[in-house]
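Enquirer: First the structure, which I've put down as structure tokens, then a few questions once you've had a look.
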Amino acid sequence: MGATGVRIAALASGLALGACGFEVAGDGGPIPVEVVLVDDTAADFAANVGLIDAVIAPRGVIEPAAFVLGGLHARAYAGNLLGDSDTWDTAVAEAAGADVLGEGYRQLPRDWALTLPNRPRGLGIQDTDNWTVHYDGEILLPTGTVALELEADDRAIAYVALDGTTFGPRLFSKGSAQQQMLDVPVAGWYPLRIAMSQGGGGADLAVTLRPAFGAPIVVDGTRLRARVSDAPGLLVFAFGDRELSVPLGESAAPTAAGSFGTAAPALDLDVPADLFSMRYAGQLRVDTAGTYTFAVDVGADTSDGFRLWIDGALVAHHWASLTDELTASLPLTEGWHDLLLDHAETTGSASVELRMAGPGIPDGSIPTALLRPAVAFGLTASYVGATPTPLVDASINGPSTTTVQAPLIGPPGAVMDAVDIGLGIASQRMSDLTADVVDCHGSTPLPLPALPGYVYFAARTDCAGTAVMPPPTWGYRVIDTVVGNDFQYVGQIPNLYFPLVVATYHGGDRRPYAPTMTFVSTPRPITGASTWGKVGLTAELAGATLTLDVRTATDETALASAEWLTVADQQVPRGRPSELLQYRLSVAGTGWERATIDRVEIRYVVDVAP
């Protein structure tokens with residue numbers, strides 16, 4: 001029901017009236033009537049006076065804003081396009097006719113001359129000179145008067161929106177530090193835009209905050225983020241091996257598809273032309289609930305692999321150690337779903353395409369508009385050993401044990417969803433050996449093949465829900481039970497090589513959602529209300545907490561200073577209603593819950609003349 005309307009139900013029976021604490025009036029007396037104010041559509045929720053780190057989805061729910069933390073969104077263009085007098089608008093117009101080289105997230109101001117190559121990475125920039133980058137996102141500012149300092153080589157412009165919407169004035173730097181004074185009303189996140197161009201020589205971009213009191217603050221990843229609630233595309237993580245264990249950096253992709261030929265992906269991340277892997281991560285929006293079919297095309301080369309995960313479940317794959325499941329059909333509800341596609345390239349030509357078909361979606365690549373780069377599933381922590389470890393032979397006194405560690409490194413709070421493990425064994429009779437992996441269980445037997453080689457098991461989920469860095473450290477233990485090496489390999493030293501652990505995890509500091517969100521309704525007339533009824537909420541909180549506050553007053557001036565009263569679901573607010581009603585919804589979590597609120601009901605009673 002729309003927010004501008006109400007549902008009115010006359011309390012026509014003594015039983016119903018008694019439940020609300022009323023009695024039926026005698027002949028000629030007023031009749032109590034329950035009025036239900038209902039908000040449950042996008043249009044209803046659009047009538048608000050406060051929306052903090054929350055968005056209203058077209059399907060009619062309030063949900064948290066989505067972010068990529070740790071840097072800004074950036075798009076790179078060919079050419080030195082920024083002039084001394086350019087504004088943001090003229091810079092955008094100039095770039096509209098230029099070649100787009102690439103885009104990415106978590107991009108930071110940096111002196112690129114200090115490390116080669118002399119350019120930002122992950123944006124497809126191949127030359128050290130003649131490029132332009134546009135940055136957008138948000139900056140965390142302290143309260144009070146602070147100088148925003150910008151220093152660029154060659155040149156840059158910057159804008160901040162202190163009211164959250166209106167940008168200005170322009171801050172310009174060309175080879176020297178320039179400042180602009182900001183009067184920040186409240187400490188928090190504010191929209192930021194920067195355009196930078198490079199013509200020749202060194203490339204440098206630095207942003208510093210200089211408060212009126214205290215030390216300067218160098219703006220780094222802790223003070224930058226990009227809001228991606230409605231941003232199209234996915235994040236793409238690159239790795240220098242097939243097992244996603246050698247991270248090379250991250251970038252952005254319009255969809256989960258790419259055709260690279262025999263060359264490396266054009267991400268400027270030092271991805272090799274062969275023996276690499278890519279992880280496309282983000283979320284898929286479903287507009288119509290129903291059954292959807294997914295398939296992945298990696299070309300004719302059957303040595304290339306893929307894994308597709310939807311909402312944290314592995315649904316289709318052609319991957320080492322896994323039995324092929326080439327397509328998947330599954331029911332999906334309306335709204336956002338976690339999407340993760342892994343692609344592993346061996347040699348030769350490389351390509352990948354994720355295809356989807358379902359209600360209103362013809363079979364084909366997933367449209368960019370249905371994707372967003374909010375990663376709630378698919379972050380990676382990995383370890384792979386580079387130096388072989390000699391395998392200790394059994395002695396006449398008994399078996400010997402060789403141990404190699406594979407310590408994962410993840411942020412505090414990181415929780416494992418799946419893990420890939422692998423270990424190579426060279427120049428030894430396999431029948432002489434037993435092995436186990438040191439894992440979340442303490443240890444788990446590791447099946448060994450008949451011949452020396454690499455042992456690999458993908459997508460184990462038996463440690464799901466445990467910390468990425470549990471005690472003891474992940475690793476492998478191999479026991480040799482028979483004296484003597486495999487003499488088939490005379491002159492070669494038996495060893496253990498490339499011990500591997502790759503964890504797919506969620507949790508930690510790369511929160512995909514706002515940890516808190518607030519919605520405040522417009523004032524609603526409730527003329528004639530004599531008493532409150534119960535309130536009702538319909539929400540999926542995923543572990544977050546929801547608080548509903550209401551307040552009431554005779555007019556809008558009084559309402560603005562009236563006390564908020566907290567009321568639980570299916571409870572009755574304290575006090576008596578007045579002429580105007582306003583409610584507030586507050587959600588608090590960790591930043592890993594995609595909490596949604598899709599219906600608010602507030603009941604009150606009016607006395608109607610018979």
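Chain lettering (A, B, ...) mirrors the order of the structure tokens, residue numbering begins at 1 for each chain separately, and ligand numbering begins at 1 in order of display.
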What lies within 12 Å of Met278 in chain A using only C-alpha atoms, ignoring chain neighbours under 4 positions off, as a CSV table (one decimal) with C-alpha atoms, in the first residue's frame?
Expert:
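Writing the result to selection.csv gives the following:
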chain,number,residue,atom,x,y,z
A,234,LEU,CA,32.8,-6.3,-11.2
A,235,LEU,CA,36.1,-6.3,-9.5
A,236,VAL,CA,38.7,-8.6,-11.1
A,237,PHE,CA,41.6,-10.0,-9.2
A,238,ALA,CA,44.7,-11.2,-11.2
A,239,PHE,CA,47.1,-14.0,-10.2
A,240,GLY,CA,50.4,-15.2,-11.7
A,241,ASP,CA,49.5,-18.9,-11.6
A,242,ARG,CA,46.5,-21.2,-12.3
A,243,GLU,CA,45.8,-21.7,-8.6
A,244,LEU,CA,45.0,-18.1,-7.5
A,245,SER,CA,47.9,-18.2,-5.1
A,246,VAL,CA,50.2,-15.5,-6.5
A,247,PRO,CA,48.3,-12.2,-6.3
A,248,LEU,CA,49.2,-9.5,-8.8
A,249,GLY,CA,46.6,-6.9,-8.0
A,250,GLU,CA,43.1,-5.9,-8.9
A,251,SER,CA,41.2,-3.9,-11.5
A,252,ALA,CA,37.6,-3.7,-12.8
A,253,ALA,CA,35.7,-5.4,-15.6
A,256,ALA,CA,32.5,-11.6,-16.3
A,257,ALA,CA,33.9,-12.0,-19.8
A,258,GLY,CA,37.1,-11.4,-21.7
A,260,PHE,CA,42.7,-12.2,-24.5
A,264,ALA,CA,48.1,-11.3,-21.3
A,265,PRO,CA,44.9,-9.5,-20.1
A,267,LEU,CA,45.3,-4.7,-17.0
A,269,LEU,CA,49.3,-5.9,-13.6
A,271,VAL,CA,49.8,-10.9,-15.7
A,272,PRO,CA,51.7,-13.5,-17.8
A,274,ASP,CA,50.1,-18.2,-19.9
A,304,ASP,CA,41.6,-24.1,-19.2
A,305,GLY,CA,39.3,-24.1,-16.2
A,306,PHE,CA,36.5,-22.2,-14.5
A,307,ARG,CA,34.6,-22.2,-11.2
A,340,LEU,CA,32.2,-15.2,-8.2
A,341,LEU,CA,33.8,-16.6,-11.3
A,342,ASP,CA,37.3,-18.1,-11.4
A,343,HIS,CA,39.1,-18.6,-14.7
A,344,ALA,CA,42.4,-20.5,-15.0
A,345,GLU,CA,44.5,-20.3,-18.2
A,350,ALA,CA,42.6,-17.5,-23.5
A,351,SER,CA,38.9,-16.4,-23.2
A,352,VAL,CA,36.1,-16.6,-20.8
A,378,GLY,CA,35.3,-14.1,-2.9
A,380,THR,CA,41.4,-14.4,-1.3
Enquirer: Between A:Pro411, A:Pro577, A:Pro515, A:Pro64, which is the closest to Gly591 in chain A once you count only C-alpha atoms?
Expert: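 The shortest atom-to-atom distance to Gly591 in chain A comes from A:Pro515.
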Enquirer: I'd like the contact shell of range 190-200 of chain A - 7 Å cut-off, only C-alpha atoms, skipping same-chain residues fewer than 3 positions apart - returned as a ChimeraX atom specification.
Expert: /A:80-82,129-140,153-162,164,203
Enquirer: Near range 98-107 of chain A, within 6 Å and counting only C-alpha atoms, which residues show up once chain neighbours fewer than 3 positions away are dropped, as JSON, numbers by chain?
Expert: {"A": [70, 71, 72, 73, 74, 75, 76, 77, 78, 95, 123, 124, 251, 252]}
Enquirer: Out of range 146-234 of chain A, which residues get strand (DSSP E or B) from DSSP, as a PyMOL selection string?
Expert: chain A and resi 146-153+155-160+171-174+178-184+188-198+204-211+217-218+224-227+234
Enquirer: With C-alpha atoms retained, could you export that selection as a tab-separated table (two decimals), in the first residue's frame?
Expert:
chain	number	residue	atom	x	y	z
A	146	VAL	CA	41.04	21.84	7.79
A	147	ALA	CA	43.22	22.65	4.78
A	148	LEU	CA	42.89	20.27	1.85
A	149	GLU	CA	46.32	20.18	0.17
A	150	LEU	CA	46.78	18.91	-3.40
A	151	GLU	CA	50.16	18.41	-5.09
A	152	ALA	CA	50.41	17.05	-8.63
A	153	ASP	CA	52.90	16.49	-11.39
A	155	ARG	CA	48.55	18.85	-13.00
A	156	ALA	CA	45.35	18.01	-11.10
A	157	ILE	CA	42.07	19.53	-9.95
A	158	ALA	CA	40.06	18.46	-6.89
A	159	TYR	CA	36.56	19.12	-5.56
A	160	VAL	CA	34.83	18.26	-2.28
A	171	LEU	CA	41.48	23.31	-6.13
A	172	PHE	CA	44.22	23.31	-8.79
A	173	SER	CA	47.83	22.11	-8.58
A	174	LYS	CA	50.56	22.12	-11.21
A	178	GLN	CA	48.16	24.16	-3.24
A	179	GLN	CA	45.62	24.41	-0.40
A	180	GLN	CA	41.92	25.04	0.07
A	181	MET	CA	40.30	25.70	3.45
A	182	LEU	CA	37.34	23.51	4.34
A	183	ASP	CA	34.89	24.11	7.20
A	184	VAL	CA	33.80	20.54	7.88
A	188	GLY	CA	32.64	11.87	8.30
A	189	TRP	CA	32.70	10.85	4.66
A	190	TYR	CA	32.31	13.48	1.93
A	191	PRO	CA	32.20	13.12	-1.89
A	192	LEU	CA	35.52	13.79	-3.64
A	193	ARG	CA	36.52	14.24	-7.28
A	194	ILE	CA	40.03	14.51	-8.71
A	195	ALA	CA	41.19	14.76	-12.32
A	196	MET	CA	44.90	14.33	-13.06
A	197	SER	CA	46.91	14.33	-16.27
A	198	GLN	CA	50.49	13.36	-17.11
A	204	ASP	CA	52.96	12.36	-8.70
A	205	LEU	CA	49.66	12.92	-6.91
A	206	ALA	CA	49.51	13.67	-3.18
A	207	VAL	CA	46.53	14.63	-1.00
A	208	THR	CA	47.13	15.85	2.55
A	209	LEU	CA	44.80	17.16	5.26
A	210	ARG	CA	46.18	19.87	7.52
A	211	PRO	CA	43.92	20.51	10.53
A	217	ILE	CA	47.21	13.68	7.77
A	218	VAL	CA	48.44	11.96	4.61
A	224	LEU	CA	39.18	6.85	0.85
A	225	ARG	CA	36.31	4.74	-0.43
A	226	ALA	CA	34.06	4.41	-3.46
A	227	ARG	CA	30.29	4.09	-3.19
A	234	LEU	CA	32.75	-6.31	-11.23
Enquirer: Calculated over only C-alpha atoms, which of the candidates A:Val608, A:Ala560, A:Ile597, A:Ala386 has the smallest distance to Asp39 in chain A?
Expert: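 Using only C-alpha atoms, Asp39 in chain A sits closest to A:Ile597.
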Enquirer: Taking 3 positions as the minimum chain separation for residues in the same chain, which residues sit within 8 Å of Val61 in chain A when counting only C-alpha atoms? Answer as a ChimeraX atom specification.
Expert: /A:40-42,45,56-58,596-599
Enquirer: Produce a file of the selected residues containing C-alpha atoms, as a tab-separated table (two decimals), in the first residue's frame.
Expert:
chain	number	residue	atom	x	y	z
A	40	ASP	CA	6.21	-1.05	1.57
A	41	THR	CA	7.07	0.30	-1.89
A	42	ALA	CA	9.94	2.26	-3.37
A	45	PHE	CA	10.22	4.95	1.14
A	56	ILE	CA	16.01	2.50	-1.66
A	57	ALA	CA	15.97	-0.36	-4.14
A	58	PRO	CA	13.48	-0.31	-7.02
A	596	THR	CA	16.85	-5.22	4.03
A	597	ILE	CA	13.66	-3.62	5.35
A	598	ASP	CA	10.63	-4.08	3.13
A	599	ARG	CA	7.58	-3.16	5.23
Enquirer: Find the spatial neighbours of Leu114 in chain A, counting only C-alpha atoms, within a cut-off of 12 Å - ignore same-chain residues fewer than 2 positions away - and output them as a VMD selection string.
Expert: chain A and resid 110 to 112 116 to 120 202 to 205
Enquirer: Which residue is closest to Val38 in chain A? Choose from A:Glu601, A:Asp89, A:Glu334, A:Asp268 and count only C-alpha atoms.
Expert: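 Smallest distance to Val38 in chain A is found for A:Glu601.
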Enquirer: For a test of reading the model, state the distance in Å between CA of Val502 in chain A and CA of Thr389 in chain A, rounded to one decimal.
Expert: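 One can read the CA of Val502 in chain A to CA of Thr389 in chain A distance as 19.6 Å.
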Enquirer: Would you list the contacts of Leu496 in chain A as a PyMOL selection string, taking every protein, DNA or RNA residue within 7 Å and counting only C-alpha atoms, but skipping same-chain residues closer than 2 positions in sequence?
Expert: chain A and resi 388-391+423-426
Enquirer: Of the candidates A:Asp324, A:Tyr456, A:Pro109, A:Arg594, which one gets nearest to Trp336 in chain A if we count only C-alpha atoms?
Expert: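 Going through A:Asp324, A:Tyr456, A:Pro109, A:Arg594 one by one, the smallest distance to Trp336 in chain A is for A:Arg594.
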